[in-house]
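Below: one structure, written as structure tokens.
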Amino acid sequence: MAFSASESMKKLRQERRKHGQCAQCGNPSEKYLCERCNGMRKKPEPKEFREYPMQRKLKKPLSDRRLYEDMIAQELRTSDIAAYCGVTQRTAEKWIFEGSVPHEERVTKLCRLLKREVEYYYPLYKWSSKK
Ligand SMILES: [Zn+2]
């Protein structure tokens, strides 16, 4: 009785599983795929960080590039900033690209993340209470 290639591969995988082997490579494995084969099946690593395509992001040039340049220099993205500061990515984008000024509790976090004094980005920052 002749098997097609895919049928015989299926048989082989079933046979391997019966014997506690990785279905793909046949190495001992408790799971269907051994760690190595499962790892190879995963999506490829995200591409290396590259600078935002600014012309797509910005309708006009940034009037203040300090936040943007620090973000790029530290290989952060607006999503990282959003996660760190506990805001939406859209809010982080407004800070970076649109000159929106964060609230006090956020501005402290933002500057801690970027390792700058608040005054560096916002020289005229108005603190409601203490600092
Ligand atoms: Zn394997």
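Labels used: A, B, ... for chains in the order of the structure tokens, numbers from 1 for residues in each chain, and numbers from 1 for ligands as shown.
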
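Near Tyr121 in chain A, within a cut-off of 10 Å and counting only C-alpha atoms, sit the residues Asp64, Arg65, Arg66, Leu67, Val101, Val107 and Cys111 of chain A, with same-chain residues fewer than 6 positions away left out.
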
Those same residues, written as a JSON list (two decimals), in the first residue's frame with N, CA, C and O atoms?
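To be explicit, this is the file written out as selection-v3.json:
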[["chain", "number", "residue", "atom", "x", "y", "z"],
["A", 64, "ASP", "N", 10.20, 71.39, 17.97],
["A", 64, "ASP", "CA", 11.11, 71.02, 19.05],
["A", 64, "ASP", "C", 11.43, 69.53, 18.92],
["A", 64, "ASP", "O", 10.55, 68.69, 19.08],
["A", 65, "ARG", "N", 12.69, 69.25, 18.61],
["A", 65, "ARG", "CA", 13.05, 67.86, 18.34],
["A", 65, "ARG", "C", 13.68, 67.18, 19.54],
["A", 65, "ARG", "O", 14.13, 66.04, 19.43],
["A", 66, "ARG", "N", 13.73, 67.83, 20.69],
["A", 66, "ARG", "CA", 14.48, 67.25, 21.80],
["A", 66, "ARG", "C", 13.92, 65.91, 22.26],
["A", 66, "ARG", "O", 14.66, 64.94, 22.42],
["A", 67, "LEU", "N", 12.62, 65.86, 22.46],
["A", 67, "LEU", "CA", 12.01, 64.60, 22.88],
["A", 67, "LEU", "C", 12.21, 63.52, 21.81],
["A", 67, "LEU", "O", 12.59, 62.40, 22.11],
["A", 101, "VAL", "N", 1.91, 68.91, 26.14],
["A", 101, "VAL", "CA", 2.67, 68.87, 27.40],
["A", 101, "VAL", "C", 2.02, 67.89, 28.38],
["A", 101, "VAL", "O", 0.83, 68.00, 28.67],
["A", 107, "VAL", "N", 4.84, 63.70, 33.32],
["A", 107, "VAL", "CA", 6.05, 64.37, 32.87],
["A", 107, "VAL", "C", 7.25, 63.87, 33.67],
["A", 107, "VAL", "O", 8.35, 63.72, 33.15],
["A", 111, "CYS", "N", 10.38, 61.99, 31.86],
["A", 111, "CYS", "CA", 11.75, 62.50, 31.97],
["A", 111, "CYS", "C", 12.66, 61.50, 32.67],
["A", 111, "CYS", "O", 13.84, 61.44, 32.37]]

- Message: Distance limit 9 Å, reference ligand 1, atoms considered: only C-alpha atoms and all ligand atoms. Which residues make the cut? Give them as a ChimeraX atom specification.
- Response: /A:21-29,32-38

- Separation of CA of Asp70 in chain A and CA of Leu113 in chain A, in Å?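 According to the coordinates, CA of Asp70 in chain A and CA of Leu113 in chain A are separated by 10.1 Å.
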
- Message: I'd like to know which of A:Ser100, A:Ser63, A:Thr108, A:Ser8 is closest to Tyr84 in chain A, using only C-alpha atoms.
- Response: A:Thr108

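Among the candidate residues A:Met71, A:Leu62, A:Arg13, A:Met40, the one lying nearest to Arg116 in chain A is A:Met71, with distances computed using only C-alpha atoms.
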
- Item | For CA of Ser79 in chain A and CA of Ser128 in chain A, the interatomic separation in Å (one decimal) |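 The value is 27.6 Å.
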
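Between CA of Glu104 in chain A and CA of Lys126 in chain A the separation is 8.8 Å.
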
- For Gln74 in chain A, the nearest of the candidates A:Lys10, A:Lys115, A:Arg16, A:Arg90, counting only C-alpha atoms: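 Between A:Lys10, A:Lys115, A:Arg16, A:Arg90, the residue approaching Gln74 in chain A most closely is A:Lys115.
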
- Message: Please return, as a PyMOL selection string, all residues of chain A that DSSP assigns to alpha helix (DSSP H) on the basis of the backbone.
- Response: chain A and resi 5-18+35-41+54-57+66-73+78-85+89-98+104-114+118-121

- With a distance cut-off of 8 Å and only C-alpha atoms, select the neighbouring residues of Ala92 in chain A, excluding the residue or stretch itself and same-chain residues fewer than 5 positions from it, and output the selection as a VMD selection string. chain A and resid 78 to 79 81 to 82 87
